[in-house]
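Source file: data_39.cif. Holds: mmCIF, C-alpha atoms.
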data_model
loop_
_atom_site.label_atom_id
_atom_site.label_comp_id
_atom_site.auth_asym_id
_atom_site.auth_seq_id
_atom_site.Cartn_x
_atom_site.Cartn_y
_atom_site.Cartn_z
CA MET A 1 99.24 122.48 -15.03
CA MET A 2 95.95 120.78 -14.16
CA ARG A 3 97.81 117.57 -13.37
CA ALA A 4 100.10 119.45 -10.97
CA VAL A 5 97.14 121.19 -9.31
CA VAL A 6 95.20 117.94 -8.83
CA LEU A 7 98.27 116.23 -7.34
CA ARG A 8 98.92 119.18 -5.02
CA VAL A 9 95.29 119.33 -3.87
CA SER A 10 95.30 115.59 -3.09
CA HIS A 11 98.41 116.07 -0.94
CA MET A 12 96.70 119.01 0.77
CA GLY A 13 93.76 116.78 1.66
CA LEU A 14 96.02 114.25 3.37
CA VAL A 15 97.92 116.97 5.25
CA LEU A 16 94.67 118.58 6.34
CA LEU A 17 93.33 115.27 7.64
CA GLY A 18 96.54 114.72 9.62
CA ILE A 19 96.44 118.22 11.13
CA VAL A 20 92.81 117.88 12.19
CA PHE A 21 93.31 114.42 13.67
CA LEU A 22 96.41 115.41 15.67
CA SER A 23 94.63 118.52 16.96
CA PHE A 24 91.70 116.37 18.07
CA VAL A 25 94.14 114.03 19.83
CA MET A 26 95.78 116.90 21.71
CA MET A 27 92.42 118.29 22.78
CA ASP A 28 91.41 114.84 24.02
CA PHE A 29 94.60 114.51 26.08
CA ALA A 30 93.98 117.82 27.85
CA PRO A 31 92.23 117.31 31.21
CA GLY A 32 88.55 118.17 31.51
CA ASP A 33 86.23 119.82 29.01
CA PHE A 34 83.86 122.77 28.80
CA LEU A 35 81.19 120.96 30.81
CA SER A 36 83.68 120.29 33.63
CA GLN A 37 83.50 123.98 34.52
CA MET A 38 79.71 123.82 34.57
CA ALA A 39 79.84 120.77 36.85
CA MET A 40 81.55 122.92 39.50
CA ASN A 41 78.43 125.08 39.72
CA PRO A 42 76.21 123.61 42.49
CA GLN A 43 73.12 125.11 40.83
CA ILE A 44 73.53 122.80 37.81
CA SER A 45 72.53 119.22 38.53
CA PRO A 46 74.64 116.24 37.38
CA ARG A 47 71.66 115.06 35.34
CA VAL A 48 71.81 118.24 33.23
CA ILE A 49 75.57 117.79 32.72
CA ALA A 50 75.08 114.18 31.64
CA SER A 51 72.33 115.23 29.24
CA LEU A 52 74.54 117.88 27.65
CA LYS A 53 77.43 115.42 27.30
CA GLU A 54 75.16 113.00 25.48
CA GLN A 55 73.72 115.78 23.30
CA TYR A 56 77.11 117.05 22.15
CA GLY A 57 78.81 113.65 22.02
CA LEU A 58 81.39 114.52 24.69
CA GLY A 59 80.83 111.27 26.54
CA LEU A 60 81.70 109.09 23.55
CA PRO A 61 85.07 107.29 23.19
CA PHE A 62 87.74 109.22 21.30
CA PHE A 63 87.41 107.59 17.87
CA GLU A 64 83.61 107.66 17.95
CA GLN A 65 83.69 111.32 18.94
CA PHE A 66 86.10 112.15 16.11
CA LEU A 67 84.05 110.21 13.53
CA HIS A 68 80.88 111.88 14.81
CA TRP A 69 82.44 115.33 14.25
CA ALA A 70 83.97 114.35 10.89
CA ARG A 71 80.65 113.03 9.56
CA ALA A 72 78.91 116.23 10.61
CA LEU A 73 81.70 118.26 8.98
CA LEU A 74 81.17 116.51 5.65
CA HIS A 75 77.56 117.74 5.80
CA GLY A 76 78.68 121.32 6.47
CA ASP A 77 78.14 121.20 10.24
CA MET A 78 81.24 122.31 12.19
CA GLY A 79 79.58 121.78 15.55
CA TYR A 80 78.19 124.05 18.26
CA SER A 81 80.12 126.53 20.39
CA PHE A 82 79.46 125.86 24.07
CA SER A 83 80.70 129.26 25.26
CA TYR A 84 79.06 131.46 22.58
CA HIS A 85 75.90 129.32 22.19
CA VAL A 86 75.90 129.64 18.40
CA PRO A 87 77.05 127.32 15.57
CA VAL A 88 80.80 127.31 15.03
CA SER A 89 80.36 128.09 11.32
CA THR A 90 78.58 131.33 12.25
CA LEU A 91 81.45 132.50 14.46
CA ILE A 92 84.13 131.56 11.95
CA GLY A 93 82.19 133.17 9.12
CA GLU A 94 82.26 136.45 11.07
CA ARG A 95 85.93 136.31 12.12
CA VAL A 96 87.79 134.79 9.14
CA PRO A 97 87.11 137.75 6.78
CA MET A 98 88.56 140.14 9.39
CA THR A 99 91.73 138.04 9.76
CA LEU A 100 92.04 137.72 5.98
CA LEU A 101 91.62 141.49 5.60
CA LEU A 102 94.36 142.13 8.15
CA THR A 103 96.73 139.52 6.69
CA ALA A 104 96.15 140.47 3.04
CA THR A 105 96.74 144.14 3.81
CA ALA A 106 99.99 143.30 5.62
CA VAL A 107 101.13 141.15 2.65
CA LEU A 108 100.39 143.97 0.19
CA ILE A 109 102.29 146.50 2.30
CA SER A 110 105.32 144.32 3.02
CA TRP A 111 105.74 142.84 -0.47
CA GLY A 112 104.70 146.02 -2.25
CA THR A 113 107.38 148.05 -0.47
CA ALA A 114 110.17 145.52 0.17
CA LEU A 115 110.53 144.21 -3.40
CA PRO A 116 110.83 147.50 -5.33
CA LEU A 117 112.98 149.08 -2.61
CA ALA A 118 115.26 146.03 -2.65
CA VAL A 119 115.70 146.29 -6.42
CA PHE A 120 116.45 150.00 -6.15
CA GLY A 121 118.88 149.45 -3.27
CA ALA A 122 120.66 146.48 -4.90
CA ARG A 123 121.30 148.40 -8.11
CA ARG A 124 123.05 151.02 -5.95
CA ALA A 125 124.58 148.61 -3.45
CA GLY A 126 126.73 150.30 -0.82
CA GLY A 127 125.08 153.69 -1.22
CA LEU A 128 123.47 155.71 1.53
CA PHE A 129 119.96 154.59 0.58
CA ASP A 130 120.96 150.92 0.55
CA ARG A 131 122.82 151.13 3.88
CA SER A 132 119.90 152.94 5.51
CA LEU A 133 117.41 150.29 4.37
CA LEU A 134 119.73 147.48 5.46
CA SER A 135 119.93 149.01 8.95
CA PHE A 136 116.14 149.38 9.03
CA SER A 137 115.71 145.76 7.92
CA TYR A 138 117.96 144.54 10.75
CA LEU A 139 115.87 146.58 13.18
CA SER A 140 112.55 145.21 11.90
CA ILE A 141 113.85 141.63 12.16
CA SER A 142 115.17 142.14 15.69
CA VAL A 143 112.09 143.76 17.25
CA PRO A 144 109.29 141.27 18.17
CA SER A 145 105.89 141.89 16.61
CA PHE A 146 104.13 142.17 19.96
CA PHE A 147 106.57 144.95 20.97
CA LEU A 148 105.84 146.75 17.69
CA ALA A 149 102.14 146.44 18.46
CA LEU A 150 102.64 147.98 21.90
CA LEU A 151 104.60 150.83 20.33
CA GLY A 152 101.73 151.31 17.89
CA LEU A 153 99.25 151.57 20.75
CA LEU A 154 101.52 154.10 22.47
CA LEU A 155 101.70 156.13 19.26
CA ALA A 156 97.91 156.08 18.92
CA GLU A 157 97.44 157.13 22.55
CA ARG A 158 99.99 159.96 22.44
CA THR A 159 99.10 161.45 19.07
CA GLY A 160 95.41 160.62 18.66
CA TRP A 161 96.03 159.96 14.96
CA PHE A 162 94.68 156.43 15.10
CA PRO A 163 91.90 154.69 17.06
CA ILE A 164 92.97 152.54 19.99
CA GLY A 165 91.72 149.00 19.51
CA GLY A 166 88.74 147.45 17.78
CA ALA A 167 87.75 147.57 14.13
CA ARG A 168 84.86 150.04 14.16
CA SER A 169 83.90 153.25 15.89
CA ALA A 170 80.48 154.18 17.20
CA LEU A 171 79.18 155.89 14.07
CA PRO A 172 75.74 157.49 13.87
CA ALA A 173 72.97 155.54 12.21
CA THR A 174 72.96 158.05 9.35
CA ALA A 175 76.57 157.22 8.39
CA GLY A 176 76.90 156.01 4.81
CA SER A 177 78.77 153.02 3.43
CA TRP A 178 81.86 155.05 2.52
CA ASP A 179 82.04 156.45 6.03
CA ARG A 180 81.96 152.93 7.47
CA ILE A 181 84.59 151.69 5.02
CA GLY A 182 86.83 154.66 5.83
CA ASP A 183 86.40 154.00 9.54
CA LEU A 184 87.35 150.33 9.08
CA LEU A 185 90.46 151.26 7.07
CA HIS A 186 91.42 153.81 9.73
CA HIS A 187 91.34 151.05 12.36
CA LEU A 188 93.26 148.74 10.01
CA ILE A 189 96.34 150.97 9.57
CA LEU A 190 98.22 150.21 12.80
CA PRO A 191 97.62 146.41 12.98
CA SER A 192 98.53 145.92 9.32
CA LEU A 193 101.66 148.08 9.59
CA THR A 194 102.73 146.09 12.65
CA LEU A 195 102.48 142.82 10.73
CA ALA A 196 104.08 144.27 7.62
CA LEU A 197 107.09 145.69 9.48
CA GLY A 198 107.76 142.30 11.01
CA SER A 199 108.28 140.70 7.57
CA PHE A 200 109.70 143.69 5.67
CA GLY A 201 113.26 143.12 6.82
CA VAL A 202 113.44 139.47 5.73
CA LEU A 203 111.86 140.21 2.34
CA TYR A 204 114.15 143.18 1.69
CA ARG A 205 117.35 141.30 2.48
CA LEU A 206 116.36 138.21 0.47
CA MET A 207 115.26 140.23 -2.56
CA ARG A 208 118.35 142.44 -2.41
CA SER A 209 120.69 139.42 -2.37
CA SER A 210 118.75 137.79 -5.20
CA VAL A 211 118.91 140.94 -7.36
CA ILE A 212 122.66 141.32 -6.80
CA GLU A 213 123.15 137.68 -7.83
CA VAL A 214 120.99 138.02 -10.96
CA ILE A 215 122.70 141.25 -12.07
CA SER A 216 126.05 139.42 -12.22
CA GLN A 217 124.71 136.60 -14.42
CA PRO A 218 125.93 136.29 -18.05
CA PHE A 219 122.43 136.54 -19.53
CA MET A 220 122.08 140.05 -18.05
CA THR A 221 125.28 141.11 -19.82
CA ALA A 222 124.00 139.54 -23.03
CA ALA A 223 120.67 141.36 -22.70
CA ARG A 224 122.45 144.70 -22.34
CA GLY A 225 124.75 143.85 -25.24
CA ARG A 226 121.73 143.27 -27.49
CA GLY A 227 120.66 146.84 -26.82
CA LEU A 228 117.38 145.98 -25.11
CA ARG A 229 115.54 148.73 -23.32
CA ASP A 230 116.09 149.03 -19.56
CA ARG A 231 112.38 148.45 -18.84
CA LEU A 232 112.39 145.20 -20.81
CA ILE A 233 115.60 144.04 -19.11
CA PHE A 234 114.14 144.87 -15.72
CA TRP A 235 110.82 143.02 -16.08
CA ARG A 236 111.77 140.09 -18.34
CA TYR A 237 115.19 139.24 -16.98
CA LEU A 238 116.00 140.92 -13.69
CA PHE A 239 112.76 140.97 -11.69
CA ARG A 240 111.32 137.63 -12.82
CA ASN A 241 114.55 135.76 -12.04
CA ALA A 242 115.20 137.58 -8.77
CA VAL A 243 111.71 137.09 -7.36
CA ASN A 244 111.64 133.30 -7.89
CA PRO A 245 113.33 132.39 -4.56
CA LEU A 246 110.88 134.63 -2.70
CA VAL A 247 107.83 133.07 -4.36
CA THR A 248 108.76 129.72 -2.84
CA LEU A 249 108.74 131.39 0.58
CA PHE A 250 105.30 132.95 0.08
CA GLY A 251 103.45 130.07 1.72
CA MET A 252 105.74 130.12 4.75
CA GLU A 253 105.44 133.90 4.91
CA LEU A 254 101.66 133.62 4.94
CA GLY A 255 101.83 131.08 7.76
CA GLY A 256 104.05 133.42 9.77
CA LEU A 257 101.70 136.32 9.20
CA LEU A 258 98.69 134.25 10.27
CA SER A 259 100.40 133.26 13.53
CA GLY A 260 101.64 136.81 14.06
CA ALA A 261 98.16 138.12 13.35
CA ALA A 262 96.86 136.27 16.41
CA PHE A 263 99.13 138.29 18.74
CA THR A 264 98.43 141.50 16.86
CA GLU A 265 94.68 140.95 17.03
CA MET A 266 94.79 140.40 20.78
CA ILE A 267 96.86 143.53 21.42
CA PHE A 268 94.84 145.79 19.12
CA GLY A 269 91.49 144.21 19.94
CA TRP A 270 90.98 143.31 16.28
CA PRO A 271 87.94 140.97 15.99
CA GLY A 272 89.65 138.15 14.10
CA MET A 273 90.40 134.49 14.57
CA GLY A 274 93.24 135.10 17.05
CA ARG A 275 91.07 136.38 19.88
CA LEU A 276 88.40 133.80 19.10
CA MET A 277 90.86 130.90 19.27
CA LEU A 278 92.41 132.14 22.52
CA HIS A 279 89.00 132.22 24.18
CA ALA A 280 88.13 128.80 22.73
CA VAL A 281 91.30 127.19 24.07
CA MET A 282 90.94 128.82 27.49
CA THR A 283 87.35 127.60 27.85
CA ARG A 284 88.01 124.17 26.26
CA ASP A 285 85.37 124.88 23.62
CA LEU A 286 86.22 121.73 21.64
CA TYR A 287 84.32 122.22 18.41
CA LEU A 288 85.24 125.90 18.17
CA VAL A 289 88.92 124.99 18.60
CA MET A 290 88.65 122.34 15.90
CA GLY A 291 86.85 124.72 13.56
CA GLY A 292 89.56 127.34 14.06
CA VAL A 293 92.35 124.81 13.49
CA LEU A 294 90.61 123.59 10.36
CA MET A 295 90.26 127.09 8.90
CA GLY A 296 93.83 128.05 9.80
CA ALA A 297 95.18 124.90 8.13
CA ILE A 298 93.07 125.51 5.01
CA LEU A 299 94.32 129.10 4.69
CA LEU A 300 97.92 128.02 5.13
CA LEU A 301 97.62 125.21 2.57
CA LEU A 302 95.90 127.53 0.08
CA GLY A 303 98.76 129.99 0.53
CA ASN A 304 101.27 127.27 -0.30
CA LEU A 305 99.19 126.22 -3.32
CA LEU A 306 99.13 129.83 -4.55
CA ALA A 307 102.93 130.03 -4.15
CA ASP A 308 103.35 126.82 -6.19
CA LEU A 309 101.08 128.16 -8.95
CA LEU A 310 102.98 131.47 -9.10
CA LEU A 311 106.27 129.61 -9.29
CA TYR A 312 104.85 127.42 -12.05
CA LEU A 313 103.91 130.51 -14.07
CA LEU A 314 107.16 132.41 -13.44
CA ASP A 315 109.76 129.67 -13.78
CA PRO A 316 109.81 127.59 -17.00
CA ARG A 317 112.09 125.04 -15.33
CA VAL A 318 109.22 124.07 -12.99
CA ARG A 319 106.87 123.63 -15.97
CA GLU A 320 109.38 121.36 -17.69
CA GLY A 321 109.71 119.20 -14.57
CA THR A 322 105.95 118.54 -14.23
#

Please, can you express the file's structure as structure tokens?
Amino acid sequence: MMRAVVLRVSHMGLVLLGIVFLSFVMMDFAPGDFLSQMAMNPQISPRVIASLKEQYGLGLPFFEQFLHWARALLHGDMGYSFSYHVPVSTLIGERVPMTLLLTATAVLISWGTALPLAVFGARRAGGLFDRSLLSFSYLSISVPSFFLALLGLLLAERTGWFPIGGARSALPATAGSWDRIGDLLHHLILPSLTLALGSFGVLYRLMRSSVIEVISQPFMTAARGRGLRDRLIFWRYLFRNAVNPLVTLFGMELGGLLSGAAFTEMIFGWPGMGRLMLHAVMTRDLYLVMGGVLMGAILLLLGNLLADLLLYLLDPRVREGT
């Protein structure tokens, strides 16, 4: 297992380097930079602009600029945000936990509901419950996530059950830790449900098809013929074999949720990486864009690594092939 992990991590390093380099190339091809907007202000002299370009390395040739940023990154310095006037690592350290909280909650909701419901529906395929969930899964796949988010905002505005936007309310200074946690979770409900509904349909249909296929396998008939208990048959034979195809999709699912989270964050005003990256791209805040791309790529690659490790533990055929 350690050999497989080391090999996978080495591949991740190469992929990460390629992603960062290509992102830097695309930012370099885009016309202008953050200081170009400042140069349009007649109150700022060209000498000040030239000084800032030299200070931040924006006047260097492309490869020198990239190596300058990469060397600083190896020492833990992700650069300085021109628009926020703080280190990039400070901004990302504040926003990444909020995006991870939103994404992890959506994963727990979607996987925690889709998988058991799919098993229940597949074992009663063709019944009213199964047909109802299939219709709901088609609906969740067809409706775009941004439209679901807008419907969520409309629900919050009409009913008053949920806060509209943001992640925290204006609580009194005397509010305790549990009150603040409860307030955060209250704000988290609608954005996380929006993300979860977007992936529920795909997970349900895939798991349902996988369960139906596994039920018809000879080893399931043999397990029943041996008189094994239903709980043992379910966990050791049915669920573990049915969930394998979905585990391989976990990394891709995480990537889809991270990209969908950006739209959801912007609509709900959730203070995560999505809103931060949009502002960084609009203002050509180079080092903030690169820091956001770096963190997004790391999270996506870690998700794929986790999926590979889960598959390694669940499927003995993968262990035999390594």

Kindly provide the residues of range 76-138 of chain A that approach range 263-269 of chain A to within 10 Å, each paired with its closest atom pair and their distance in Å to one decimal, based on only C-alpha atoms, listed by chain and increasing number, as JSON lines.
{"residue": "A:Met98", "atom": "CA", "partner": "A:Glu265", "partner_atom": "CA", "distance": 9.8}
{"residue": "A:Thr99", "atom": "CA", "partner": "A:Glu265", "partner_atom": "CA", "distance": 8.4}
{"residue": "A:Leu102", "atom": "CA", "partner": "A:Glu265", "partner_atom": "CA", "distance": 9.0}

Saved selection, atoms kept: C-alpha atoms, as a compact mmCIF listing (two decimals), in the frame of the given file:
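Listing of again-v3.txt after writing:
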# COMPACT_ATOMS: atom_id res chain seq x y z
CA MET A 98 88.56 140.14 9.39
CA THR A 99 91.73 138.04 9.76
CA LEU A 102 94.36 142.13 8.15

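Here the question is which of A:Val25, A:Val9, A:Leu206, A:Leu101 gets nearest to Gly272 in chain A using only C-alpha atoms, and that residue is A:Leu101.
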
Quiz prompt | Spatial neighbours of Gly292 in chain A, 9 Å, all atoms listed in the file, chain gap at least 3 places, as a ChimeraX atom specification | solution = /A:88,92,273,276-277,280,287-289,295-297

Quiz item: Selected by the PyMOL selection byres ((chain A and resi 118) around 8) in the shown coordinates: which residues, as an NGL selection string?
Solution: :A and (114-117 or 119-122 or 204-205 or 207-208 or 211)

Once you have the residues from the selection above, write them out as a compact mmCIF listing (two decimals), keeping the file's coordinate frame, restricted to C-alpha atoms.
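Saved file part_9.txt follows:
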# COMPACT_ATOMS: atom_id res chain seq x y z
CA ALA A 114 110.17 145.52 0.17
CA LEU A 115 110.53 144.21 -3.40
CA PRO A 116 110.83 147.50 -5.33
CA LEU A 117 112.98 149.08 -2.61
CA VAL A 119 115.70 146.29 -6.42
CA PHE A 120 116.45 150.00 -6.15
CA GLY A 121 118.88 149.45 -3.27
CA ALA A 122 120.66 146.48 -4.90
CA TYR A 204 114.15 143.18 1.69
CA ARG A 205 117.35 141.30 2.48
CA MET A 207 115.26 140.23 -2.56
CA ARG A 208 118.35 142.44 -2.41
CA VAL A 211 118.91 140.94 -7.36

Self-check item: Gap from CA of Pro191 in chain A to CA of Leu91 in chain A - Å, one decimal
Solution: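 For CA of Pro191 in chain A relative to CA of Leu91 in chain A, the distance reads 21.4 Å.
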
Quiz item: What gap, in Å, lies between CA of Arg124 in chain A and CA of Leu193 in chain A?
Solution: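 According to the coordinates, CA of Arg124 in chain A and CA of Leu193 in chain A are separated by 26.6 Å.
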
Practice problem: Could you tell me which of A:Pro144, A:Thr103, A:Asn244, A:Leu188 comes closest to Gly303 in chain A if we count all atoms listed in the file? | Solution: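 Closest residue, counting all atoms listed in the file: A:Thr103.
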
Quiz item: Given the choices A:Phe29, A:Phe62, A:Phe239, A:Tyr138, which gets closest to Phe200 in chain A if the distance is worked out from all atoms listed in the file?
Solution: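 Of A:Phe29, A:Phe62, A:Phe239, A:Tyr138, the one nearest Phe200 in chain A, counting all atoms listed in the file, is A:Tyr138.
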
Quiz item: Of the candidates A:Met12, A:Leu299, A:Leu311, A:Ile164, which shows the shortest atom-to-atom distance to Leu246 in chain A, using only C-alpha atoms?
Solution: A:Leu311

Quiz item: Between A:Ser132, A:Thr248, A:Ser23, A:Thr283, which has the minimum distance to Leu306 in chain A (counting all atoms listed in the file)?
Solution: A:Thr248

Self-check item: Between CA of His187 in chain A and CA of Phe147 in chain A, distance in Å (one decimal)
Solution: 18.5 Å

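Across A:Gln65, A:Trp270, A:Ile141, A:Ser110, the tightest approach to Gly165 in chain A is made by A:Trp270 when counting only C-alpha atoms.
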
Exercise. List, as a list in words, every residue that the PyMOL selection byres ((chain A and resi 106) around 10) selects in the file provided.
Key: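 Evaluating the PyMOL selection byres ((chain A and resi 106) around 10) on this file yields Leu100, Leu101, Leu102, Thr103, Ala104, Thr105, Val107, Leu108, Ile109, Ser110, Trp111, Gly112, Leu188, Ile189, Pro191, Ser192, Leu193, Thr194, Leu195, Ala196, Leu197, Gly198, Ser199, Phe200, Leu254, Leu257 and Ala261 of chain A.
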
Practice problem: Please write as a list in words the list of polymer residues whose atoms come within 12 Å of (84.2, 115.2, 10.9), counting only C-alpha atoms and keeping to the coordinates of the file. | Solution: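 Checked against the point, the hits come out as Leu16, Leu17, Val20, Phe21, Phe24, Phe63, Glu64, Gln65, Phe66, Leu67, His68, Trp69, Ala70, Arg71, Ala72, Leu73, Leu74, His75, Gly76, Asp77, Met78, Gly79, Tyr287, Met290, Gly291 and Leu294 of chain A.
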
Exercise. Step by step, work through what the PyMOL selection byres ((chain A and resi 215-224) around 12) selects in the shown file, and finish by giving those residues as number ranges by chain.
Key: A: 119, 122-125, 208-214, 225-242
